[in-house]
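Undergrad: To be precise about what I am sending: the file is called target_16.csv and holds CSV, C-alpha atoms.
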```csv
chain,number,residue,atom,x,y,z
E,21,MET,CA,-23.8,-11.5,4.0
E,22,ARG,CA,-21.0,-10.4,1.6
E,23,GLN,CA,-19.2,-7.2,2.1
E,24,PHE,CA,-18.4,-5.0,-0.9
E,25,ASP,CA,-15.6,-2.4,-0.8
E,26,LEU,CA,-17.0,0.7,-2.4
E,27,SER,CA,-14.0,2.9,-1.5
E,28,PRO,CA,-12.6,3.1,-5.0
E,29,LEU,CA,-15.8,4.7,-6.1
E,30,TYR,CA,-15.5,7.4,-3.4
E,31,ARG,CA,-12.3,8.8,-5.0
E,32,SER,CA,-14.0,9.8,-8.2
E,33,THR,CA,-17.2,11.3,-6.9
E,34,ILE,CA,-18.7,14.0,-4.9
E,35,GLY,CA,-22.2,13.9,-3.8
E,36,PHE,CA,-22.7,10.2,-4.3
E,37,ASP,CA,-21.0,9.4,-1.0
E,38,ARG,CA,-24.4,9.3,0.6
E,39,LEU,CA,-25.6,6.7,-1.9
E,40,PHE,CA,-22.5,4.6,-1.2
E,41,SER,CA,-22.9,5.0,2.5
E,42,LEU,CA,-26.5,3.9,2.2
E,43,LEU,CA,-25.3,0.8,0.3
E,44,ASP,CA,-22.7,0.1,3.0
E,45,GLN,CA,-25.3,0.5,5.8
E,46,ALA,CA,-28.1,-1.5,4.1
E,47,GLY,CA,-27.7,-4.3,6.7
E,48,ALA,CA,-26.8,-2.0,9.6
E,49,PRO,CA,-29.2,-1.2,12.4
E,50,GLU,CA,-31.4,1.8,12.0
E,51,SER,CA,-29.6,3.8,14.7
E,52,ALA,CA,-26.4,3.8,12.7
E,53,ALA,CA,-27.9,5.9,10.0
E,54,THR,CA,-27.5,9.7,10.5
E,55,SER,CA,-29.2,12.5,8.6
E,56,TYR,CA,-28.2,15.4,10.8
E,57,PRO,CA,-27.5,18.1,9.8
E,58,PRO,CA,-29.1,18.0,6.3
E,59,TYR,CA,-27.0,19.2,3.4
E,60,ASN,CA,-27.0,20.0,-0.3
E,61,ILE,CA,-24.2,19.7,-2.9
E,62,GLU,CA,-24.5,22.0,-5.9
E,63,ARG,CA,-22.3,22.5,-8.9
E,64,THR,CA,-21.5,26.2,-9.3
E,65,GLY,CA,-19.1,25.9,-12.3
E,66,GLU,CA,-17.4,23.4,-14.5
E,67,ASN,CA,-14.9,22.5,-11.7
E,68,ALA,CA,-16.5,24.3,-8.7
E,69,TYR,CA,-18.9,22.9,-6.1
E,70,ARG,CA,-20.7,24.2,-3.0
E,71,LEU,CA,-21.5,22.1,0.0
E,72,THR,CA,-24.3,23.7,2.2
E,73,LEU,CA,-25.2,22.4,5.6
E,74,ALA,CA,-28.2,23.5,7.7
E,75,VAL,CA,-26.6,24.4,11.0
E,76,ALA,CA,-29.3,26.5,12.7
E,77,GLY,CA,-28.3,27.6,16.2
E,78,PHE,CA,-24.5,27.1,15.7
E,79,GLY,CA,-22.1,30.0,15.6
E,80,GLU,CA,-18.7,30.2,14.0
E,81,GLY,CA,-17.0,29.2,17.2
E,82,ASP,CA,-19.2,26.1,17.5
E,83,LEU,CA,-18.1,24.7,14.1
E,84,SER,CA,-14.8,23.3,12.8
E,85,ILE,CA,-13.9,22.3,9.2
E,86,GLU,CA,-10.9,20.0,8.5
E,87,SER,CA,-9.7,18.8,5.1
E,88,ARG,CA,-7.2,16.0,5.1
E,89,GLN,CA,-6.2,14.0,2.0
E,90,ASN,CA,-9.5,13.1,0.2
E,91,ALA,CA,-11.8,13.7,3.2
E,92,LEU,CA,-13.6,16.7,4.5
E,93,THR,CA,-14.8,16.6,8.1
E,94,ILE,CA,-17.3,19.1,9.5
E,95,LYS,CA,-17.9,19.1,13.3
E,96,GLY,CA,-20.3,21.0,15.4
E,97,ALA,CA,-20.6,21.2,19.2
E,98,LYS,CA,-22.7,23.6,21.2
E,99,GLU,CA,-21.3,25.1,24.3
E,100,ALA,CA,-22.9,24.0,27.5
E,101,ARG,CA,-25.3,26.4,29.2
E,102,LYS,CA,-23.7,28.8,31.6
E,103,GLU,CA,-24.6,28.4,35.2
E,104,GLY,CA,-25.8,32.0,35.5
E,105,GLU,CA,-28.6,31.4,32.9
E,106,SER,CA,-31.8,30.1,34.3
E,107,SER,CA,-34.4,29.3,31.7
E,108,GLU,CA,-36.8,26.5,31.3
E,109,VAL,CA,-37.3,25.0,27.8
E,110,LEU,CA,-41.0,24.0,27.4
E,111,TYR,CA,-40.5,22.5,24.0
E,112,GLN,CA,-37.2,21.9,22.1
E,113,GLY,CA,-37.8,21.5,18.4
E,114,ILE,CA,-34.5,23.0,17.2
E,115,ALA,CA,-31.8,20.3,17.3
E,116,ALA,CA,-28.6,21.6,18.7
E,117,ARG,CA,-26.9,18.3,19.3
E,118,ALA,CA,-23.2,17.8,18.4
E,119,PHE,CA,-22.5,16.3,15.0
E,120,GLU,CA,-19.7,15.2,12.7
E,121,ARG,CA,-20.2,14.9,9.0
E,122,ARG,CA,-17.6,13.3,6.7
E,123,PHE,CA,-17.5,13.7,2.9
E,124,GLN,CA,-15.2,11.9,0.5
E,125,LEU,CA,-13.7,14.3,-2.0
E,126,ALA,CA,-12.6,13.3,-5.5
E,127,ASP,CA,-8.9,13.5,-6.4
E,128,HIS,CA,-7.7,17.1,-6.8
E,129,VAL,CA,-10.7,18.7,-5.1
E,130,GLN,CA,-9.6,21.4,-2.7
E,131,VAL,CA,-11.6,23.5,-0.1
E,132,THR,CA,-11.3,27.2,-1.1
E,133,GLY,CA,-13.4,28.8,1.6
E,134,ALA,CA,-16.3,28.6,4.0
E,135,ARG,CA,-18.9,31.0,5.4
E,136,LEU,CA,-21.8,31.0,7.8
E,137,GLU,CA,-24.8,32.8,6.6
E,138,ASN,CA,-28.4,32.7,7.9
E,139,GLY,CA,-28.0,29.4,9.6
E,140,LEU,CA,-26.4,27.8,6.6
E,141,LEU,CA,-22.7,26.8,6.4
E,142,HIS,CA,-21.4,27.1,2.8
E,143,VAL,CA,-18.2,25.3,2.0
E,144,ASP,CA,-16.7,26.1,-1.5
E,145,LEU,CA,-14.8,23.4,-3.3
E,146,VAL,CA,-12.8,23.5,-6.6
E,147,ARG,CA,-11.3,20.7,-8.6
E,148,GLU,CA,-7.8,21.7,-9.8
E,149,ILE,CA,-6.5,19.1,-12.2
E,150,PRO,CA,-2.7,19.3,-12.7
E,151,GLU,CA,-1.5,20.3,-16.1
E,152,THR,CA,0.1,16.9,-16.6
E,153,GLN,CA,-3.2,15.1,-16.1
E,154,ARG,CA,-5.4,17.3,-18.2
E,155,PRO,CA,-6.6,15.9,-21.5
E,156,ARG,CA,-4.6,17.2,-24.5
E,157,THR,CA,-5.2,17.2,-28.2
E,158,ILE,CA,-2.8,15.2,-30.3
E,159,PRO,CA,-2.5,16.7,-33.8
E,160,ILE,CA,-2.9,14.3,-36.7
E,161,GLY,CA,-0.3,14.8,-39.4
E,162,HIS,CA,-1.2,14.6,-43.1
E,163,GLY,CA,0.8,13.2,-46.0
E,164,ALA,CA,2.6,10.0,-46.4
E,165,PRO,CA,3.4,8.1,-43.2
E,166,ALA,CA,7.0,8.3,-42.1
E,167,THR,CA,9.2,5.2,-42.6
E,168,VAL,CA,11.9,4.2,-40.3
E,169,GLU,CA,15.0,2.7,-41.9
E,170,ALA,CA,17.9,0.9,-40.2
E,171,PRO,CA,21.1,2.9,-40.1
E,172,LYS,CA,23.5,2.1,-43.0
E,173,ASP,CA,26.4,1.3,-40.6
E,174,ALA,CA,24.4,-1.5,-38.9
E,175,PRO,CA,25.9,-5.0,-39.2
E,176,LYS,CA,23.9,-7.4,-41.3
E,177,GLU,CA,22.5,-10.5,-39.7
E,178,ALA,CA,24.4,-13.7,-40.3
E,179,PRO,CA,22.6,-16.1,-42.6
E,180,LYS,CA,20.6,-18.7,-40.8
E,181,ALA,CA,21.7,-22.3,-41.1
E,182,ALA,CA,19.2,-24.6,-42.8
```
Go ahead and express the file in the form of structure tokens.

TA:
Amino acid sequence: MRQFDLSPLYRSTIGFDRLFSLLDQAGAPESAATSYPPYNIERTGENAYRLTLAVAGFGEGDLSIESRQNALTIKGAKEARKEGESSEVLYQGIAARAFERRFQLADHVQVTGARLENGLLHVDLVREIPETQRPRTIPIGHGAPATVEAPKDAPKEAPKAA
């Protein structure tokens, strides 16, 4: 089967990384696909985004967020039970397993903050395009087009031999 490199598409998108990952993993075994923890990506402004992960059962000390180049990595690891605690879990429906989620960020997208609220981790992102790369309007002049003339001091070309 042929392999397609979708990495150039990652640089200009946010939120579509899951779609590209699904395309990359189309031929991979089922165990390679991960959906934990679930997340949302929402646009909160023209150049602002919010990434929300459902991290029920994790505290601030259990989570770490790292932004490096165009990648955002969020890791979660629960502390092991203390030996003094003796409880027997009859049914465990709340997943508290360790996880690592990676998101590809578009160029010039920066993480501005994160907060943990009601079991949801909110990571705020903003796209800050440098002034030199922002679109600019070029005024169109009116009137006759300007003509460029050769300077009067310029030497004349020698006549061509026939």

Undergrad: If I take atom CA of E:Pro58 and atom CA of E:Leu141, how far is one from the other in Å, to one decimal?

TA: 10.9 Å

Undergrad: Compare E:His142, E:Ser55, E:Phe123, E:Leu110 by their minimum atom-to-atom distance to E:Thr72, counting only C-alpha atoms, and give me the closest one.

TA: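 Closest residue, counting only C-alpha atoms: E:His142.
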
Undergrad: Measuring between all atoms listed in the file, which one of E:Leu92, E:Ala97, E:Val131, E:Leu145 shows the shortest distance to E:Gly65?

TA: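 Closest to E:Gly65 of all the choices is E:Leu145.
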
Undergrad: Find the residue from E:Glu80, E:Glu86, E:Glu62, E:Asp127 that sits nearest to E:Asp144; use all atoms listed in the file when measuring.

TA: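 Nearest to E:Asp144: E:Glu62.
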
Undergrad: List every protein, DNA or RNA residue that has at least one atom no more than 12 Å from (-17.7, 20.9, -10.3) in the file's coordinates, counting all atoms listed in the file, and write the result as a PyMOL selection string.

TA: chain E and resi 32-35+61-71+125-126+128-130+144-149

Undergrad: What is the distance between atom CA of E:Leu83 and atom CA of E:Ser107, in Å to one decimal?

TA: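 Distance between the two atoms: 24.4 Å.
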